[in-house]
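Novice: Sharing structure.cif (mmCIF, C-alpha atoms and all ligand atoms) below.
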```cif
data_coords
#
loop_
_atom_site.group_PDB
_atom_site.id
_atom_site.type_symbol
_atom_site.label_atom_id
_atom_site.label_comp_id
_atom_site.auth_asym_id
_atom_site.auth_seq_id
_atom_site.Cartn_x
_atom_site.Cartn_y
_atom_site.Cartn_z
ATOM 1 C CA MET A 211 -35.543 27.428 1.089
ATOM 2 C CA VAL A 212 -32.848 25.432 2.849
ATOM 3 C CA LEU A 213 -34.112 23.479 5.836
ATOM 4 C CA LYS A 214 -31.663 23.047 8.674
ATOM 5 C CA ILE A 215 -32.731 20.235 10.966
ATOM 6 C CA PRO A 216 -30.572 18.025 13.148
ATOM 7 C CA LEU A 217 -30.147 14.566 11.614
ATOM 8 C CA ARG A 218 -31.012 12.838 14.850
ATOM 9 C CA ARG A 219 -34.417 14.455 14.769
ATOM 10 C CA ALA A 220 -34.926 13.780 11.103
ATOM 11 C CA ILE A 221 -34.255 10.065 11.414
ATOM 12 C CA SER A 222 -35.101 7.681 14.183
ATOM 13 C CA LEU A 223 -31.889 6.350 15.671
ATOM 14 C CA THR A 224 -31.885 2.916 17.219
ATOM 15 C CA PRO A 225 -29.103 3.069 19.818
ATOM 16 C CA GLU A 226 -28.576 -0.664 20.214
ATOM 17 C CA HIS A 227 -27.276 -0.981 16.659
ATOM 18 C CA HIS A 228 -23.712 -0.182 17.486
ATOM 19 C CA PRO A 229 -20.731 -1.464 15.460
ATOM 20 C CA SER A 230 -19.986 -4.034 18.116
ATOM 21 C CA SER A 231 -23.361 -5.685 17.575
ATOM 22 C CA GLY A 232 -22.417 -6.763 14.010
ATOM 23 C CA PRO A 233 -24.747 -7.855 11.211
ATOM 24 C CA ALA A 234 -27.758 -9.882 12.218
ATOM 25 C CA GLU A 235 -31.142 -11.096 11.189
ATOM 26 C CA LEU A 236 -33.875 -10.132 13.613
ATOM 27 C CA VAL A 237 -36.241 -12.943 14.417
ATOM 28 C CA GLY A 238 -39.695 -11.490 14.951
ATOM 29 C CA PRO A 239 -42.755 -13.342 16.227
ATOM 30 C CA VAL A 240 -43.995 -13.952 12.688
ATOM 31 C CA ALA A 241 -41.291 -13.400 10.121
ATOM 32 C CA LEU A 242 -37.553 -13.059 9.706
ATOM 33 C CA LYS A 243 -36.556 -9.455 9.266
ATOM 34 C CA MET A 244 -33.386 -8.629 7.407
ATOM 35 C CA GLU A 245 -30.960 -6.150 8.920
ATOM 36 C CA VAL A 246 -28.093 -4.640 6.964
ATOM 37 C CA ASN A 247 -25.209 -2.441 8.021
ATOM 38 C CA VAL A 248 -24.086 0.042 5.404
ATOM 39 C CA LEU A 249 -20.982 2.208 5.550
ATOM 40 C CA VAL A 250 -21.081 5.361 3.424
ATOM 41 C CA VAL A 251 -17.524 6.529 2.751
ATOM 42 C CA GLY A 252 -15.974 9.320 0.726
ATOM 43 C CA ALA A 253 -13.940 12.527 0.817
ATOM 44 C CA ASP A 254 -15.175 15.694 2.527
ATOM 45 C CA SER A 255 -18.234 17.402 1.091
ATOM 46 C CA VAL A 256 -18.972 14.873 -1.643
ATOM 47 C CA GLY A 257 -22.527 14.496 -0.337
ATOM 48 C CA LYS A 258 -22.395 11.441 1.959
ATOM 49 C CA SER A 259 -24.886 12.932 4.402
ATOM 50 C CA ALA A 260 -27.029 14.292 1.582
ATOM 51 C CA LEU A 261 -27.289 10.790 0.048
ATOM 52 C CA THR A 262 -28.033 9.147 3.382
ATOM 53 C CA VAL A 263 -30.676 11.670 4.375
ATOM 54 C CA ARG A 264 -32.233 11.596 0.901
ATOM 55 C CA PHE A 265 -32.595 7.811 1.140
ATOM 56 C CA LEU A 266 -33.958 7.832 4.678
ATOM 57 C CA THR A 267 -36.266 10.850 4.547
ATOM 58 C CA ARG A 268 -36.677 11.492 0.787
ATOM 59 C CA ARG A 269 -35.575 15.054 1.473
ATOM 60 C CA PHE A 270 -32.601 17.185 0.520
ATOM 61 C CA ILE A 271 -31.886 19.402 3.483
ATOM 62 C CA GLY A 272 -28.961 21.399 2.056
ATOM 63 C CA GLU A 273 -26.626 21.656 5.036
ATOM 64 C CA TYR A 274 -25.820 18.726 7.263
ATOM 65 C CA GLY A 275 -23.189 19.788 9.806
ATOM 66 C CA ASP A 276 -20.434 17.445 10.950
ATOM 67 C CA LEU A 277 -22.495 14.843 12.769
ATOM 68 C CA GLU A 278 -21.137 11.334 12.402
ATOM 69 C CA SER A 279 -23.692 8.752 13.385
ATOM 70 C CA ILE A 280 -25.362 5.499 12.634
ATOM 71 C CA TYR A 281 -28.961 5.870 11.584
ATOM 72 C CA SER A 282 -31.405 3.009 11.704
ATOM 73 C CA HIS A 283 -34.438 3.017 9.526
ATOM 74 C CA ASN A 284 -36.984 0.495 8.337
ATOM 75 C CA VAL A 285 -37.440 0.384 4.591
ATOM 76 C CA THR A 286 -39.884 -1.783 2.673
ATOM 77 C CA VAL A 287 -38.171 -3.436 -0.275
ATOM 78 C CA ASP A 288 -40.176 -5.778 -2.533
ATOM 79 C CA GLY A 289 -42.860 -5.970 0.140
ATOM 80 C CA LYS A 290 -40.407 -6.969 2.884
ATOM 81 C CA ASP A 291 -39.173 -4.876 5.792
ATOM 82 C CA VAL A 292 -35.448 -4.293 5.878
ATOM 83 C CA LEU A 293 -33.720 -2.494 8.719
ATOM 84 C CA PHE A 294 -30.914 -0.325 7.335
ATOM 85 C CA ASN A 295 -28.220 0.806 9.771
ATOM 86 C CA ILE A 296 -26.325 3.479 7.877
ATOM 87 C CA TRP A 297 -23.037 4.942 9.034
ATOM 88 C CA ASP A 298 -21.943 8.005 7.134
ATOM 89 C CA PHE A 299 -18.221 8.374 7.649
ATOM 90 C CA PRO A 300 -15.720 10.907 6.245
ATOM 91 C CA TYR A 301 -12.588 9.566 4.583
ATOM 92 C CA SER A 302 -9.671 9.977 6.940
ATOM 93 C CA GLN A 303 -6.171 11.059 6.011
ATOM 94 C CA ASP A 304 -4.990 9.944 9.433
ATOM 95 C CA HIS A 305 -2.740 6.907 8.880
ATOM 96 C CA SER A 306 -1.979 6.216 12.541
ATOM 97 C CA ASP A 307 -2.267 2.656 13.906
ATOM 98 C CA GLU A 308 -5.186 3.690 16.063
ATOM 99 C CA ASN A 309 -7.096 5.039 13.096
ATOM 100 C CA PHE A 310 -6.272 1.912 11.091
ATOM 101 C CA THR A 311 -7.791 -0.286 13.807
ATOM 102 C CA GLU A 312 -10.893 1.886 13.961
ATOM 103 C CA GLU A 313 -11.242 1.667 10.194
ATOM 104 C CA GLU A 314 -10.937 -2.125 10.319
ATOM 105 C CA LYS A 315 -13.712 -2.240 12.921
ATOM 106 C CA ARG A 316 -15.977 -0.163 10.700
ATOM 107 C CA ILE A 317 -15.222 -2.396 7.727
ATOM 108 C CA GLN A 318 -15.931 -5.497 9.801
ATOM 109 C CA TRP A 319 -19.216 -4.007 10.976
ATOM 110 C CA ALA A 320 -20.468 -3.237 7.481
ATOM 111 C CA ASP A 321 -22.279 -5.701 5.232
ATOM 112 C CA GLY A 322 -22.072 -3.318 2.290
ATOM 113 C CA PHE A 323 -20.353 -0.105 1.233
ATOM 114 C CA VAL A 324 -21.385 3.030 -0.643
ATOM 115 C CA LEU A 325 -18.253 4.804 -1.878
ATOM 116 C CA VAL A 326 -19.065 8.358 -2.862
ATOM 117 C CA TYR A 327 -17.167 10.917 -4.920
ATOM 118 C CA SER A 328 -18.263 14.191 -6.440
ATOM 119 C CA ILE A 329 -18.214 14.433 -10.229
ATOM 120 C CA CYS A 330 -16.812 17.971 -9.784
ATOM 121 C CA ASP A 331 -13.949 16.902 -7.539
ATOM 122 C CA ARG A 332 -11.277 14.742 -9.145
ATOM 123 C CA ALA A 333 -9.383 14.290 -5.887
ATOM 124 C CA SER A 334 -12.458 12.663 -4.342
ATOM 125 C CA PHE A 335 -12.574 10.261 -7.321
ATOM 126 C CA SER A 336 -8.853 9.434 -7.097
ATOM 127 C CA ILE A 337 -9.139 7.953 -3.610
ATOM 128 C CA ILE A 338 -11.929 5.525 -4.524
ATOM 129 C CA HIS A 339 -9.631 2.877 -6.062
ATOM 130 C CA GLN A 340 -7.442 2.651 -2.982
ATOM 131 C CA LYS A 341 -10.463 2.677 -0.674
ATOM 132 C CA VAL A 342 -12.031 -0.282 -2.497
ATOM 133 C CA GLN A 343 -8.764 -2.202 -2.205
ATOM 134 C CA VAL A 344 -8.517 -1.543 1.535
ATOM 135 C CA ILE A 345 -12.112 -2.727 2.063
ATOM 136 C CA LYS A 346 -11.657 -5.827 -0.090
ATOM 137 C CA ALA A 347 -8.400 -6.769 1.591
ATOM 138 C CA ALA A 348 -9.959 -6.459 5.044
ATOM 139 C CA LYS A 349 -13.023 -8.480 4.062
ATOM 140 C CA GLU A 350 -11.010 -11.175 2.278
ATOM 141 C CA TYR A 351 -8.955 -11.538 5.437
ATOM 142 C CA LEU A 352 -12.233 -12.320 7.206
ATOM 143 C CA GLY A 353 -13.038 -14.950 4.589
ATOM 144 C CA LEU A 354 -15.544 -12.970 2.541
ATOM 145 C CA GLU A 355 -14.889 -13.357 -1.161
ATOM 146 C CA LYS A 356 -17.517 -11.110 -2.722
ATOM 147 C CA VAL A 357 -17.728 -7.707 -1.080
ATOM 148 C CA PRO A 358 -20.863 -5.670 -1.840
ATOM 149 C CA ILE A 359 -19.624 -2.247 -2.940
ATOM 150 C CA VAL A 360 -21.416 0.451 -4.878
ATOM 151 C CA ILE A 361 -19.484 3.399 -6.307
ATOM 152 C CA VAL A 362 -21.497 6.609 -6.594
ATOM 153 C CA GLY A 363 -20.656 9.765 -8.525
ATOM 154 C CA ASN A 364 -22.741 12.459 -6.809
ATOM 155 C CA LYS A 365 -23.692 16.040 -7.776
ATOM 156 C CA ARG A 366 -24.752 15.106 -11.278
ATOM 157 C CA ASP A 367 -26.789 18.319 -11.416
ATOM 158 C CA LEU A 368 -23.496 20.266 -11.503
ATOM 159 C CA HIS A 369 -22.538 18.843 -14.927
ATOM 160 C CA HIS A 370 -21.148 22.233 -16.072
ATOM 161 C CA ARG A 371 -18.471 21.814 -13.360
ATOM 162 C CA ARG A 372 -17.787 18.157 -14.105
ATOM 163 C CA THR A 373 -14.164 16.976 -13.907
ATOM 164 C CA VAL A 374 -14.840 13.220 -13.847
ATOM 165 C CA SER A 375 -16.660 11.715 -16.819
ATOM 166 C CA SER A 376 -19.382 9.091 -16.410
ATOM 167 C CA GLU A 377 -17.237 6.739 -18.491
ATOM 168 C CA GLU A 378 -14.331 6.981 -16.051
ATOM 169 C CA GLY A 379 -16.625 6.176 -13.144
ATOM 170 C CA ARG A 380 -18.183 3.245 -14.965
ATOM 171 C CA LEU A 381 -14.811 1.826 -16.042
ATOM 172 C CA LEU A 382 -13.388 2.093 -12.546
ATOM 173 C CA ALA A 383 -16.398 0.280 -11.084
ATOM 174 C CA LEU A 384 -16.167 -2.400 -13.781
ATOM 175 C CA SER A 385 -12.465 -2.966 -13.137
ATOM 176 C CA LEU A 386 -13.117 -3.326 -9.395
ATOM 177 C CA ASP A 387 -16.222 -5.499 -9.760
ATOM 178 C CA CYS A 388 -18.436 -2.888 -8.113
ATOM 179 C CA GLU A 389 -21.766 -1.462 -9.127
ATOM 180 C CA PHE A 390 -21.850 2.113 -10.429
ATOM 181 C CA TYR A 391 -24.374 4.954 -10.259
ATOM 182 C CA GLU A 392 -24.281 8.638 -11.034
ATOM 183 C CA VAL A 393 -26.830 10.609 -9.047
ATOM 184 C CA SER A 394 -27.798 13.980 -7.720
ATOM 185 C CA ALA A 395 -28.815 13.828 -4.088
ATOM 186 C CA ALA A 396 -29.920 17.442 -4.488
ATOM 187 C CA GLU A 397 -32.252 16.863 -7.409
ATOM 188 C CA ALA A 398 -33.757 13.409 -7.226
ATOM 189 C CA TYR A 399 -34.755 10.707 -4.802
ATOM 190 C CA HIS A 400 -35.149 7.892 -7.323
ATOM 191 C CA GLY A 401 -31.457 7.582 -8.263
ATOM 192 C CA VAL A 402 -30.480 7.482 -4.581
ATOM 193 C CA LEU A 403 -33.097 4.809 -3.951
ATOM 194 C CA LEU A 404 -31.576 2.700 -6.753
ATOM 195 C CA VAL A 405 -28.143 2.995 -5.114
ATOM 196 C CA PHE A 406 -29.324 1.492 -1.824
ATOM 197 C CA HIS A 407 -31.552 -1.103 -3.469
ATOM 198 C CA GLY A 408 -28.666 -2.131 -5.753
ATOM 199 C CA LEU A 409 -26.445 -2.484 -2.718
ATOM 200 C CA LEU A 410 -29.074 -4.513 -0.882
ATOM 201 C CA ASP A 411 -29.234 -6.960 -3.820
ATOM 202 C CA ARG A 412 -25.471 -7.367 -3.649
ATOM 203 C CA ILE A 413 -25.557 -7.876 0.111
ATOM 204 C CA LYS A 414 -28.199 -10.585 -0.276
ATOM 205 C CA GLU A 415 -26.116 -12.354 -2.958
ATOM 206 C CA SER A 416 -23.022 -12.147 -0.807
ATOM 207 C CA LYS A 417 -24.809 -13.506 2.306
ATOM 208 C CA LEU A 418 -26.173 -16.389 0.248
ATOM 209 C CA ALA A 419 -22.726 -17.178 -1.179
ATOM 210 C CA THR A 420 -21.177 -17.038 2.298
ATOM 211 C CA LYS A 421 -23.803 -19.426 3.698
ATOM 212 C CA LYS A 422 -23.168 -21.877 0.840
ATOM 213 C CA GLY A 423 -19.395 -21.495 1.225
ATOM 214 C CA THR A 424 -19.592 -22.103 4.938
ATOM 215 C CA GLY A 425 -21.623 -25.246 4.293
ATOM 216 C CA ILE A 426 -19.085 -26.773 1.917
ATOM 217 C CA ARG A 427 -16.125 -25.583 3.973
ATOM 218 C CA GLY A 428 -17.752 -27.061 7.056
ATOM 219 C CA ILE A 429 -18.159 -30.470 5.403
ATOM 220 C CA VAL A 430 -14.563 -30.459 4.095
ATOM 221 C CA LYS A 431 -13.296 -29.472 7.539
ATOM 222 C CA SER A 432 -15.140 -32.230 9.384
ATOM 223 C CA MET A 433 -14.089 -34.847 6.774
ATOM 224 C CA SER A 434 -10.446 -33.780 7.126
ATOM 225 C CA ALA A 435 -10.767 -34.043 10.904
ATOM 226 C CA VAL A 436 -12.181 -37.602 10.618
ATOM 227 C CA PHE A 437 -9.402 -38.744 8.255
ATOM 228 C CA ALA A 438 -6.738 -37.093 10.387
ATOM 229 C CA ARG A 439 -8.055 -38.956 13.453
ATOM 230 C CA ARG A 440 -8.127 -42.273 11.551
ATOM 231 C CA ARG A 441 -4.514 -41.738 10.460
ATOM 232 C CA THR A 442 -3.419 -41.052 14.049
ATOM 233 C CA ASP A 443 -5.411 -44.065 15.333
ATOM 234 C CA SER A 444 -3.759 -46.386 12.810
ATOM 235 C CA LEU A 445 -0.208 -45.328 13.789
HETATM 236 N N1 LIG B 501 -25.397 20.684 -6.159
HETATM 237 C C1 LIG B 501 -25.363 19.665 -5.315
HETATM 238 N N2 LIG B 501 -24.912 19.853 -4.054
HETATM 239 C C2 LIG B 501 -24.908 18.782 -3.236
HETATM 240 C C3 LIG B 501 -25.329 17.488 -3.623
HETATM 241 N N3 LIG B 501 -25.168 16.650 -2.572
HETATM 242 C C4 LIG B 501 -24.677 17.386 -1.576
HETATM 243 N N4 LIG B 501 -24.506 18.670 -1.960
HETATM 244 C C5 LIG B 501 -23.970 19.775 -1.172
HETATM 245 O O1 LIG B 501 -22.603 19.504 -0.892
HETATM 246 C C6 LIG B 501 -22.266 19.962 0.419
HETATM 247 C C7 LIG B 501 -21.707 18.806 1.222
HETATM 248 O O2 LIG B 501 -22.736 17.848 1.418
HETATM 249 P P1 LIG B 501 -22.685 16.800 2.620
HETATM 250 O O3 LIG B 501 -23.791 15.857 2.425
HETATM 251 O O4 LIG B 501 -22.576 17.511 3.911
HETATM 252 O O5 LIG B 501 -21.294 16.105 2.273
HETATM 253 P P2 LIG B 501 -20.465 15.074 3.182
HETATM 254 O O6 LIG B 501 -19.736 14.208 2.235
HETATM 255 O O7 LIG B 501 -21.370 14.403 4.169
HETATM 256 O O8 LIG B 501 -19.475 16.069 3.898
HETATM 257 P P3 LIG B 501 -18.571 15.857 5.225
HETATM 258 O O9 LIG B 501 -19.515 15.731 6.381
HETATM 259 O O10 LIG B 501 -17.734 17.090 5.247
HETATM 260 O O11 LIG B 501 -17.721 14.650 5.028
HETATM 261 C C8 LIG B 501 -23.540 20.569 1.012
HETATM 262 O O12 LIG B 501 -23.514 21.943 0.823
HETATM 263 C C9 LIG B 501 -24.658 19.941 0.183
HETATM 264 O O13 LIG B 501 -25.790 20.769 0.095
HETATM 265 C C10 LIG B 501 -25.806 17.317 -4.972
HETATM 266 O O14 LIG B 501 -26.190 16.237 -5.417
HETATM 267 N N5 LIG B 501 -25.774 18.436 -5.762
#
```
Go through the file and emit its structure as structure tokens.

Specialist:
Amino acid sequence: MVLKIPLRRAISLTPEHHPSSGPAELVGPVALKMEVNVLVVGADSVGKSALTVRFLTRRFIGEYGDLESIYSHNVTVDGKDVLFNIWDFPYSQDHSDENFTEEEKRIQWADGFVLVYSICDRASFSIIHQKVQVIKAAKEYLGLEKVPIVIVGNKRDLHHRRTVSSEEGRLLALSLDCEFYEVSAAEAYHGVLLVFHGLLDRIKESKLATKKGTGIRGIVKSMSAVFARRRTDSL
């Protein structure tokens, strides 16, 4: 039986986690709670909503409608609470300036990306390469060197209709320094769980690297400022 339930009712939505709020770590009374923003991107009907809902509710609903929203959900990973804000967003063919700016905002908002294609839809696979480049370029511009991206080939259960081989997916991910998974949101929860946990690991690594980078960059910057002042003083 196919269950049809509105996503907003299936998942608790925390309204304050809007793109403008950006990534953050919530400081609770006792412990630091990690919060991550994840953007799920891909062509139409590849299963973006199915993956998101599977991760958040463990269920495969079947039909998801056209709702585009950010869903916030607490997940316990390695004994620690992590707040996932997940934005499931269809790939847009609209290349207007306005759309470009909106896309940049979404990329800025996200700490990590799940890029989804369907193994039965070659066109959905073909856009992944360009999408990764757009994301990386935008993040590099913001000073982030290592961008956490996971590429996911969905609908693995439909292997008789496969048009993209696992090898192609794996090679693409390898060439773009992304992680790769093939899953079936329809058939199994475990694979989908690995996708989001794998992404979380990458996000943690990237945050750590950024903190370290900022530290060194900060020291270099202040030293340069001191020497520059000394040079001006001695003139
Ligand atoms: N067989 C199979 N069908 C799936 C799988 N994942 C999703 N679907 C189906 O594919 C269709 C599209 O799924 P959605 O999750 O709505 O895809 P989407 O990418 O969010 O689609 P848009 O909202 O149009 O961008 C639905 O009919 C789902 O039931 C899967 O792993 N296997």

Novice: Report as a PyMOL selection string which protein, DNA and RNA residues come within 10 Å of ligand LIG 501 (chain B), using all atoms listed in the file.

Specialist: chain A and resi 212+250-264+270-278+298-302+326-330+334+363-369+392-398+402

Novice: Which residues of range 300-373 of chain A come within 8 Å of range 407-417 of chain A, and for each one, what is the closest pair of atoms and their distance in Å to one decimal, counting only C-alpha atoms, sorted by chain and residue number, as a Markdown table?

Specialist:
```
| residue | atom | partner | partner_atom | distance |
| --- | --- | --- | --- | --- |
| A:Asp321 | CA | A:Ile413 | CA | 6.5 |
| A:Gly322 | CA | A:Ile413 | CA | 6.1 |
| A:Phe323 | CA | A:Leu409 | CA | 7.6 |
| A:Val324 | CA | A:Leu409 | CA | 7.8 |
| A:Lys356 | CA | A:Ser416 | CA | 5.9 |
| A:Val357 | CA | A:Ser416 | CA | 6.9 |
| A:Pro358 | CA | A:Arg412 | CA | 5.2 |
| A:Ile359 | CA | A:Leu409 | CA | 6.8 |
| A:Val360 | CA | A:Leu409 | CA | 6.2 |
```

Novice: CA of Ser385 in chain A and CA of Val405 in chain A are how many Å apart?

Specialist: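 Interatomic distance here is 18.6 Å.
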
Novice: Considering only C-alpha atoms, state which residue in the set A:Arg316, A:His400, A:Arg372, A:Arg269 is at the smallest distance from Val248 in chain A.

Specialist: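 Under the stated criterion, the closest residue is A:Arg316.
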
Novice: Centre and edge lengths, as JSON, for the axis-aligned box enclosing every listed atom of range 414-419 of chain A with 3 Å of padding on each of the six sides, in Å to one decimal?

Specialist:
```
{"center_x": -25.5, "center_y": -13.9, "center_z": -0.3, "size_x": 11.5, "size_y": 12.6, "size_z": 11.3}
```

Novice: My list of candidates is A:Ser282, A:Asn295, A:Ile345, A:His339. Which is closest to Phe310 in chain A when distances are computed with only C-alpha atoms?

Specialist: A:Ile345

Novice: Contacts of range 377-384 of chain A at 7 Å or less, counting all atoms listed in the file, minus same-chain residues fewer than 5 places along, as a ChimeraX atom specification?

Specialist: /A:361,389-390

Novice: Which of these, A:Thr286, A:Tyr391, A:Tyr399, A:Arg268, has the shortest distance to Ser376 in chain A once you count all atoms listed in the file?

Specialist: A:Tyr391

Novice: To one decimal place in Å, what is the distance between CA of Ile296 in chain A and CA of Leu325 in chain A?

Specialist: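 One can read the CA of Ile296 in chain A to CA of Leu325 in chain A distance as 12.7 Å.
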
Novice: Around the point (-10.5, -5.1, -1.5) (coordinates from the file), which residues reach within 10 Å if we count all atoms listed in the file? Answer as a list in words.

Specialist: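 Returned residue set, sorted by chain then number, is His339, Gln340, Lys341, Val342, Gln343, Val344, Ile345, Lys346, Ala347, Ala348, Lys349, Glu350, Tyr351, Glu355, Lys356, Val357, Ile359 and Leu386 of chain A.
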
Novice: Given the file above and the PyMOL selection byres (((chain A and resi 294) around 7) and not hetatm), which residues are selected, and can you give them as a list in words?

Specialist: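 So the PyMOL selection byres (((chain A and resi 294) around 7) and not hetatm) ends up selecting Glu245, Val246, Asn247, Ser282, His283, Asn284, Val292, Leu293, Asn295 and Ile296 of chain A.
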
Novice: Between CA of Leu352 in chain A and CA of Glu313 in chain A, what is the spacing in Å?

Specialist: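 Interatomic distance, CA of Glu313 in chain A to CA of Leu352 in chain A: 14.3 Å.
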
Novice: Counting only C-alpha atoms, which of A:Val374, A:Ile317, A:Leu404, A:Leu418 gets nearest to Phe265 in chain A?

Specialist: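 Using only C-alpha atoms, the shortest distance to Phe265 in chain A belongs to A:Leu404.
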
Novice: Using all atoms listed in the file for the distances, tell me which of A:Gln318, A:Ile338, A:Gly289, A:Thr311 is nearest to Cys388 in chain A.

Specialist: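 Distance minimum relative to Cys388 in chain A lands on A:Ile338.
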